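Asks: Before I ask anything, here is the structure I am working with.
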Amino acid sequence: MEAKKIKNIFVQGAISPAFIADSIAGHQSKTTIGGHSIFLGQVRADMINGQKVVGIEYTSYVEMALDKMQEIREDIFAKYELSCAHVYHSLGMVLTGEICLFVFTSAPHRRSAIDACNELVERIKAELPVWGKELLEGEGHQWKVNN
Amino acid sequence: MEAKKIKNIFVQGAISPAFIADSIAGHQSKTTIGGHSIFLGQVRADMINGQKVVGIEYTSYVEMALDKMQEIREDIFAKYELSCAHVYHSLGMVLTGEICLFVFTSAPHRRSAIDACNELVERIKAELPVWGKELLEGEGHQWKVNN
Amino acid sequence: MTNQRLHIQVFGQLSEILGSTGVDIPFFADTNELRKWLLTEYPALDKLPFLIAVDKKVSQTSTPLNENAVIALLPPFSGG
Amino acid sequence: MTNQRLHIQVFGQLSEILGSTGVDIPFFADTNELRKWLLTEYPALDKLPFLIAVDKKVSQTSTPLNENAVIALLPPFSGG
């Protein structure tokens, strides 16, 4: 179970593969865990009117996002039998090919870990006040739209 | 798209967090990818009639497993719009807390990556001729049962 | 009452439309009144759906406001 | 024909029941006959459902056998 203390989820810039490896390694002493489910969001080099996206600059209404994330966490822990759940989202600049979102759930059995991870990703994208500004090669930008 | 060449999926012993990090890092140059989905199976220290599981020793009918895995891969690539899919399964001894299965899918959009990963995990568990022998503290063993 | 003002924080694309990440505006008694005024004052808002958050919660119907309310204008979310 | 033999590979828990990971047995024309003989020869097999693979494919109905068939006995899978 989780304490009620508000956890920070935001990290400056991209999330590195080494950070992800450390998170995984940190769970190897929890021997009641049978399965981990991980989602990673990566910045795509989309073409927008002939200009390539070179990165996304993320901003957030941080105080509200952390409150909402806490509410989502509580819902998820009430709904699924989880050992733990971790969420990291980038703020500031993330270049194409880099990772901007890391959602990591662990449970005794795979079904709970997978379903909880899936639901976390959907709710994070739909409910967290976070905005991505897609910066285009050369100059200019476009505001990212989730679907 | 994937070549027809049969890929090996088996690794001796546990799958390390560093190996997982390297796999993730290897996909950062593929800038059409928008989402990765990862499933990790970890060996639980279950209690069996009062004896704790200390590890699982995996064996396989390797030639058949690789043929079957190739069939599953082809089905998955036909069904989902994927950038790539990787599967690694341990053979030999994996201690409790260590990782024995690593399934990794990547796609332009998250839905394909997540659904494909999920389906791969289910099919791997149901269809690959792999067996786990749970070794118990002290002595003795029990053959693992999937559900 | 006419001395009262509201302060609103402005996020994402809306800060481009309003030209700032925070503005002081006249007082309105609820979020419906506020929304009406904003659409008149900044006609470009008509093109972009937006939510109003009061005290860090999205206002679902019309929410009463007071001078200490923490108000924020939120364009469609695009995290992840 | 009576000189023909079948070689079968035996995996997982079945190798404990048969006492070996590979056995040479008399020839049978199909997997139904083979299964019947195995259950008589190794009564403990009755407790454990098993599949017969022929040439690396699980035999769904009765599969004809020949001396060169690659036959394997597979207990319930428990990978992952």
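Please note that chains go A, B, ... in the order of the structure tokens, that every chain numbers its residues from 1, and that ligands are numbered from 1 in the order shown.
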Tell me, as a VMD selection string, which residues lie within 10 Å of Val62 (chain A), counting only C-alpha atoms; anything in the same chain fewer than 6 positions away does not count.
Replies: (chain A and resid 8 to 10 68 91 128 to 130) or (chain C and resid 56)
Asks: Distance table requested - region 126-146 of chain A against region 40-55 of chain A, cut-off 7 Å, only C-alpha atoms: one row per qualifying residue with the closest atom pair and its distance in Å to one decimal, ordered by chain and rising residue number, as a tab-separated table.
Replies:
```
residue	atom	partner	partner_atom	distance
A:Glu134	CA	A:Gly55	CA	6.0
A:Leu135	CA	A:Gly55	CA	5.5
A:Leu136	CA	A:Val53	CA	4.5
A:Glu137	CA	A:Lys52	CA	5.4
```
Asks: With N, CA, C and O atoms retained, export the selected residues as a CSV table (one decimal), in the first residue's frame.
Replies:
```csv
chain,number,residue,atom,x,y,z
A,134,GLU,N,5.5,20.9,-29.9
A,134,GLU,CA,6.4,20.3,-30.9
A,134,GLU,C,7.2,21.3,-31.6
A,134,GLU,O,6.6,22.1,-32.3
A,135,LEU,N,8.5,21.2,-31.4
A,135,LEU,CA,9.4,22.2,-32.0
A,135,LEU,C,9.8,21.7,-33.4
A,135,LEU,O,10.2,20.5,-33.5
A,136,LEU,N,9.7,22.5,-34.4
A,136,LEU,CA,10.0,22.1,-35.8
A,136,LEU,C,11.4,22.5,-36.2
A,136,LEU,O,11.9,23.5,-35.8
A,137,GLU,N,11.9,21.7,-37.1
A,137,GLU,CA,13.2,21.9,-37.7
A,137,GLU,C,13.2,23.3,-38.4
A,137,GLU,O,12.2,23.7,-39.0
```
Asks: List the neighbours of Ile76 (chain B) out to 9 Å using only C-alpha atoms; skip same-chain residues closer than 5 positions along the sequence, and give me the result as JSON, numbers by chain.
Replies: {"B": [71, 81, 82, 85, 116, 119, 120]}
Asks: Convert the current residue selection to file output with N, CA and C atoms, as a compact mmCIF listing (two decimals), in the first residue's frame.
Replies:
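Below you can see part-v2.txt, which holds the result:
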```txt
# COMPACT_ATOMS: atom_id res chain seq x y z
N GLU B 71 6.19 -18.36 -35.63
CA GLU B 71 4.79 -18.34 -36.06
C GLU B 71 4.03 -17.24 -35.30
N GLU B 81 0.23 -2.84 -36.15
CA GLU B 81 1.20 -1.98 -36.83
C GLU B 81 2.37 -1.74 -35.89
N LEU B 82 3.39 -2.57 -36.03
CA LEU B 82 4.52 -2.53 -35.09
C LEU B 82 5.79 -2.06 -35.78
N ALA B 85 9.50 -6.01 -32.39
CA ALA B 85 9.09 -6.84 -31.26
C ALA B 85 10.26 -7.75 -30.90
N ALA B 116 -0.06 -5.64 -28.63
CA ALA B 116 0.84 -6.67 -29.17
C ALA B 116 1.65 -7.30 -28.04
N GLU B 119 -0.59 -9.64 -26.07
CA GLU B 119 -0.89 -10.88 -26.80
C GLU B 119 0.35 -11.78 -26.87
N LEU B 120 1.52 -11.19 -27.05
CA LEU B 120 2.76 -11.99 -27.05
C LEU B 120 2.93 -12.73 -25.73
```
Asks: Which residues of chain B sit at most 12 Å from chain C, using only C-alpha atoms? Give each one's shortest atom pair and distance in Å (one decimal place), in chain and ascending residue order, as CSV.
Replies:
```
residue,atom,partner,partner_atom,distance
B:Gly34,CA,C:Gly80,CA,9.6
B:Gly35,CA,C:Gly80,CA,9.4
B:His36,CA,C:Gly80,CA,12.0
B:His109,CA,C:Gly80,CA,11.4
B:Arg110,CA,C:Gly80,CA,10.2
```
Asks: Measuring atom to atom with only C-alpha atoms, identify which of C:Gly79, C:Gln13, C:Leu18, C:Pro49 is nearest to His89 (chain A).
Replies: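 That would be C:Gly79, the residue with the smallest distance to His89 (chain A).
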Asks: May I have all residues of chain D that DSSP, computed from the backbone, assigns to strand (DSSP E), given as number ranges by chain?
Replies: D: 5-10, 22-26, 51-54, 57-58, 71-74
Asks: Could those selected residues go to a file with C-alpha atoms, as a PDB file, in the first residue's frame?
Replies:
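Generated output (again_10.pdb):
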```
ATOM      1  CA  ARG D   5      11.422 -48.590 -33.506  1.00  0.00           C
ATOM      2  CA  LEU D   6      10.400 -45.091 -32.480  1.00  0.00           C
ATOM      3  CA  HIS D   7      12.614 -42.693 -30.592  1.00  0.00           C
ATOM      4  CA  ILE D   8      10.848 -40.207 -28.364  1.00  0.00           C
ATOM      5  CA  GLN D   9      12.222 -37.153 -26.571  1.00  0.00           C
ATOM      6  CA  VAL D  10      10.778 -36.584 -23.121  1.00  0.00           C
ATOM      7  CA  GLY D  22      14.751 -39.988 -24.368  1.00  0.00           C
ATOM      8  CA  VAL D  23      13.476 -43.544 -24.873  1.00  0.00           C
ATOM      9  CA  ASP D  24      13.392 -46.090 -27.704  1.00  0.00           C
ATOM     10  CA  ILE D  25      10.089 -47.876 -27.927  1.00  0.00           C
ATOM     11  CA  PRO D  26       8.277 -50.274 -30.272  1.00  0.00           C
ATOM     12  CA  LEU D  51       0.826 -33.533 -25.600  1.00  0.00           C
ATOM     13  CA  ILE D  52       2.614 -35.473 -28.310  1.00  0.00           C
ATOM     14  CA  ALA D  53       4.608 -33.406 -30.819  1.00  0.00           C
ATOM     15  CA  VAL D  54       5.463 -34.892 -34.208  1.00  0.00           C
ATOM     16  CA  LYS D  57       4.160 -29.700 -34.183  1.00  0.00           C
ATOM     17  CA  VAL D  58       1.612 -30.609 -31.542  1.00  0.00           C
ATOM     18  CA  ILE D  71       8.462 -37.422 -31.586  1.00  0.00           C
ATOM     19  CA  ALA D  72       8.357 -35.596 -28.265  1.00  0.00           C
ATOM     20  CA  LEU D  73       6.239 -35.878 -25.125  1.00  0.00           C
ATOM     21  CA  LEU D  74       5.344 -32.479 -23.663  1.00  0.00           C
TER      22      LEU D  74
END
```
Asks: Would you tabulate, counting only C-alpha atoms, all residues of chain A that have an atom at most 10 Å from an atom of chain B, showing the closest pair of atoms and their distance in Å to one decimal, sorted by chain then ascending number, as JSON lines?
Replies:
```
{"residue": "A:Ser16", "atom": "CA", "partner": "B:Ala25", "partner_atom": "CA", "distance": 8.2}
{"residue": "A:Pro17", "atom": "CA", "partner": "B:Ala21", "partner_atom": "CA", "distance": 4.9}
{"residue": "A:Ala18", "atom": "CA", "partner": "B:Ala21", "partner_atom": "CA", "distance": 5.9}
{"residue": "A:Phe19", "atom": "CA", "partner": "B:Ala21", "partner_atom": "CA", "distance": 8.5}
{"residue": "A:Ile20", "atom": "CA", "partner": "B:Ala21", "partner_atom": "CA", "distance": 6.8}
{"residue": "A:Ala21", "atom": "CA", "partner": "B:Pro17", "partner_atom": "CA", "distance": 4.9}
{"residue": "A:Asp22", "atom": "CA", "partner": "B:Pro17", "partner_atom": "CA", "distance": 7.3}
{"residue": "A:Ser23", "atom": "CA", "partner": "B:Pro17", "partner_atom": "CA", "distance": 8.7}
{"residue": "A:Ile24", "atom": "CA", "partner": "B:Pro17", "partner_atom": "CA", "distance": 6.2}
{"residue": "A:Ala25", "atom": "CA", "partner": "B:Pro17", "partner_atom": "CA", "distance": 5.9}
{"residue": "A:Gly26", "atom": "CA", "partner": "B:Pro17", "partner_atom": "CA", "distance": 9.6}
{"residue": "A:His27", "atom": "CA", "partner": "B:Gly97", "partner_atom": "CA", "distance": 7.6}
{"residue": "A:Gln28", "atom": "CA", "partner": "B:Gly97", "partner_atom": "CA", "distance": 4.4}
{"residue": "A:Ser29", "atom": "CA", "partner": "B:Gly97", "partner_atom": "CA", "distance": 5.8}
{"residue": "A:Lys30", "atom": "CA", "partner": "B:Gly97", "partner_atom": "CA", "distance": 6.5}
{"residue": "A:Thr31", "atom": "CA", "partner": "B:Gly97", "partner_atom": "CA", "distance": 5.0}
{"residue": "A:Thr32", "atom": "CA", "partner": "B:Arg44", "partner_atom": "CA", "distance": 5.2}
{"residue": "A:Ile33", "atom": "CA", "partner": "B:Arg44", "partner_atom": "CA", "distance": 5.8}
{"residue": "A:Gly34", "atom": "CA", "partner": "B:Gln42", "partner_atom": "CA", "distance": 4.7}
{"residue": "A:Gly35", "atom": "CA", "partner": "B:Gly41", "partner_atom": "CA", "distance": 4.6}
{"residue": "A:His36", "atom": "CA", "partner": "B:Leu40", "partner_atom": "CA", "distance": 5.0}
{"residue": "A:Ser37", "atom": "CA", "partner": "B:Phe39", "partner_atom": "CA", "distance": 4.7}
{"residue": "A:Ile38", "atom": "CA", "partner": "B:Ile38", "partner_atom": "CA", "distance": 4.9}
{"residue": "A:Phe39", "atom": "CA", "partner": "B:Ser37", "partner_atom": "CA", "distance": 4.7}
{"residue": "A:Leu40", "atom": "CA", "partner": "B:His36", "partner_atom": "CA", "distance": 5.0}
{"residue": "A:Gly41", "atom": "CA", "partner": "B:Gly35", "partner_atom": "CA", "distance": 4.6}
{"residue": "A:Gln42", "atom": "CA", "partner": "B:Gly34", "partner_atom": "CA", "distance": 4.7}
{"residue": "A:Val43", "atom": "CA", "partner": "B:Gly34", "partner_atom": "CA", "distance": 5.8}
{"residue": "A:Arg44", "atom": "CA", "partner": "B:Thr31", "partner_atom": "CA", "distance": 5.1}
{"residue": "A:Ala45", "atom": "CA", "partner": "B:Thr31", "partner_atom": "CA", "distance": 5.3}
{"residue": "A:Asp46", "atom": "CA", "partner": "B:Thr32", "partner_atom": "CA", "distance": 7.3}
{"residue": "A:Val53", "atom": "CA", "partner": "B:Thr31", "partner_atom": "CA", "distance": 10.0}
{"residue": "A:Val54", "atom": "CA", "partner": "B:Thr31", "partner_atom": "CA", "distance": 9.9}
{"residue": "A:Leu95", "atom": "CA", "partner": "B:Thr31", "partner_atom": "CA", "distance": 9.9}
{"residue": "A:Thr96", "atom": "CA", "partner": "B:Thr31", "partner_atom": "CA", "distance": 6.2}
{"residue": "A:Gly97", "atom": "CA", "partner": "B:Gln28", "partner_atom": "CA", "distance": 4.4}
{"residue": "A:Glu98", "atom": "CA", "partner": "B:Gln28", "partner_atom": "CA", "distance": 6.0}
{"residue": "A:Ile99", "atom": "CA", "partner": "B:Gln28", "partner_atom": "CA", "distance": 8.2}
{"residue": "A:Cys100", "atom": "CA", "partner": "B:Gly35", "partner_atom": "CA", "distance": 9.9}
{"residue": "A:Leu101", "atom": "CA", "partner": "B:Gly35", "partner_atom": "CA", "distance": 9.2}
{"residue": "A:Phe102", "atom": "CA", "partner": "B:His36", "partner_atom": "CA", "distance": 9.6}
{"residue": "A:Val103", "atom": "CA", "partner": "B:Ser37", "partner_atom": "CA", "distance": 9.7}
{"residue": "A:Phe104", "atom": "CA", "partner": "B:Ile38", "partner_atom": "CA", "distance": 9.3}
{"residue": "A:Thr105", "atom": "CA", "partner": "B:Phe39", "partner_atom": "CA", "distance": 9.9}
{"residue": "A:Ser106", "atom": "CA", "partner": "B:Leu40", "partner_atom": "CA", "distance": 9.2}
{"residue": "A:Ala107", "atom": "CA", "partner": "B:Gln42", "partner_atom": "CA", "distance": 9.9}
{"residue": "A:Pro108", "atom": "CA", "partner": "B:Arg44", "partner_atom": "CA", "distance": 7.6}
{"residue": "A:His109", "atom": "CA", "partner": "B:Gly41", "partner_atom": "CA", "distance": 9.2}
{"residue": "A:Arg110", "atom": "CA", "partner": "B:Gly41", "partner_atom": "CA", "distance": 7.9}
{"residue": "A:Arg111", "atom": "CA", "partner": "B:Asn118", "partner_atom": "CA", "distance": 9.3}
{"residue": "A:Ala113", "atom": "CA", "partner": "B:Phe39", "partner_atom": "CA", "distance": 9.0}
{"residue": "A:Ile114", "atom": "CA", "partner": "B:Asn118", "partner_atom": "CA", "distance": 7.6}
{"residue": "A:Asp115", "atom": "CA", "partner": "B:Asn118", "partner_atom": "CA", "distance": 9.6}
{"residue": "A:Cys117", "atom": "CA", "partner": "B:Ile114", "partner_atom": "CA", "distance": 9.6}
{"residue": "A:Asn118", "atom": "CA", "partner": "B:Ile114", "partner_atom": "CA", "distance": 7.6}
{"residue": "A:Val121", "atom": "CA", "partner": "B:Arg110", "partner_atom": "CA", "distance": 9.3}
{"residue": "A:Glu122", "atom": "CA", "partner": "B:Arg110", "partner_atom": "CA", "distance": 9.8}
{"residue": "A:Asn147", "atom": "CA", "partner": "B:His109", "partner_atom": "CA", "distance": 9.8}
```
Asks: Skip Phe27 (chain D) itself and residues of its chain fewer than 5 positions away, then list as an NGL selection string all residues within 9 Å of it, counting only C-alpha atoms.
Replies: :D and (1-7 or 34 or 65-67)
Asks: Could you go through chain A and tell me which residues DSSP, when run on the backbone, assigns to alpha helix (DSSP H), listing them as a VMD selection string?
Replies: chain A and resid 17 to 25 62 to 79 110 to 127
Asks: How far is it from CA of Ile6 (chain B) to CA of Ile124 (chain B), in Å with one decimal?
Replies: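 Computed distance, CA of Ile6 (chain B) to CA of Ile124 (chain B), equals 15.8 Å.
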Asks: For Phe50 (chain D), work out the shell of residues within 10 Å, counting only C-alpha atoms and skipping chain neighbours fewer than 3 positions away, then give it as an NGL selection string.
Replies: :D and (14 or 35 or 45-47 or 53 or 73-77)
Asks: Convert the current residue selection to file output with N, CA and C atoms, as a PDB file, in the first residue's frame.
Replies:
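Written output follows (part_1.pdb):
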```pdb
ATOM      1  N   LEU D  14       7.724 -35.071 -17.299  1.00  0.00           N
ATOM      2  CA  LEU D  14       7.577 -36.405 -17.909  1.00  0.00           C
ATOM      3  C   LEU D  14       8.880 -37.192 -17.863  1.00  0.00           C
ATOM      4  N   ARG D  35      -0.035 -43.222 -27.691  1.00  0.00           N
ATOM      5  CA  ARG D  35      -0.541 -42.725 -26.399  1.00  0.00           C
ATOM      6  C   ARG D  35      -1.095 -43.895 -25.567  1.00  0.00           C
ATOM      7  N   LEU D  45       1.568 -41.760 -15.935  1.00  0.00           N
ATOM      8  CA  LEU D  45       1.233 -40.726 -16.931  1.00  0.00           C
ATOM      9  C   LEU D  45      -0.231 -40.303 -16.838  1.00  0.00           C
ATOM     10  N   ASP D  46      -1.039 -41.169 -16.284  1.00  0.00           N
ATOM     11  CA  ASP D  46      -2.460 -40.889 -16.172  1.00  0.00           C
ATOM     12  C   ASP D  46      -2.733 -39.623 -15.349  1.00  0.00           C
ATOM     13  N   LYS D  47      -1.801 -39.299 -14.436  1.00  0.00           N
ATOM     14  CA  LYS D  47      -2.020 -38.149 -13.551  1.00  0.00           C
ATOM     15  C   LYS D  47      -1.657 -36.806 -14.192  1.00  0.00           C
ATOM     16  N   ALA D  53       4.202 -34.205 -29.656  1.00  0.00           N
ATOM     17  CA  ALA D  53       4.608 -33.406 -30.819  1.00  0.00           C
ATOM     18  C   ALA D  53       5.244 -34.337 -31.846  1.00  0.00           C
ATOM     19  N   LEU D  73       7.320 -35.926 -26.125  1.00  0.00           N
ATOM     20  CA  LEU D  73       6.239 -35.878 -25.125  1.00  0.00           C
ATOM     21  C   LEU D  73       6.380 -34.607 -24.310  1.00  0.00           C
ATOM     22  N   LEU D  74       5.294 -33.818 -24.275  1.00  0.00           N
ATOM     23  CA  LEU D  74       5.344 -32.479 -23.663  1.00  0.00           C
ATOM     24  C   LEU D  74       4.333 -32.374 -22.523  1.00  0.00           C
ATOM     25  N   PRO D  75       4.793 -32.182 -21.302  1.00  0.00           N
ATOM     26  CA  PRO D  75       3.864 -31.904 -20.214  1.00  0.00           C
ATOM     27  C   PRO D  75       3.343 -30.462 -20.345  1.00  0.00           C
ATOM     28  N   PRO D  76       2.374 -30.050 -19.509  1.00  0.00           N
ATOM     29  CA  PRO D  76       1.821 -28.692 -19.622  1.00  0.00           C
ATOM     30  C   PRO D  76       2.940 -27.637 -19.579  1.00  0.00           C
ATOM     31  N   PHE D  77       2.846 -26.653 -20.467  1.00  0.00           N
ATOM     32  CA  PHE D  77       3.889 -25.626 -20.575  1.00  0.00           C
ATOM     33  C   PHE D  77       3.846 -24.699 -19.361  1.00  0.00           C
TER      34      PHE D  77
END
```
Asks: Quick one: residues within 9 Å of Thr63 (chain D), only C-alpha atoms counted, chain neighbours fewer than 4 positions away excluded, as a ChimeraX atom specification?
Replies: /D:29-32,54,59
Asks: I need the residues from that last selection saved to file as a PDB file, in the first residue's frame (with C-alpha atoms), if you can.
Replies:
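Output (out31.pdb):
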```pdb
ATOM      1  CA  ALA D  29       1.422 -46.407 -36.680  1.00  0.00           C
ATOM      2  CA  ASP D  30      -0.085 -43.266 -35.189  1.00  0.00           C
ATOM      3  CA  THR D  31      -0.102 -41.063 -32.092  1.00  0.00           C
ATOM      4  CA  ASN D  32      -3.335 -42.578 -30.737  1.00  0.00           C
ATOM      5  CA  VAL D  54       5.463 -34.892 -34.208  1.00  0.00           C
ATOM      6  CA  SER D  59      -0.497 -33.531 -32.739  1.00  0.00           C
TER       7      SER D  59
END
```
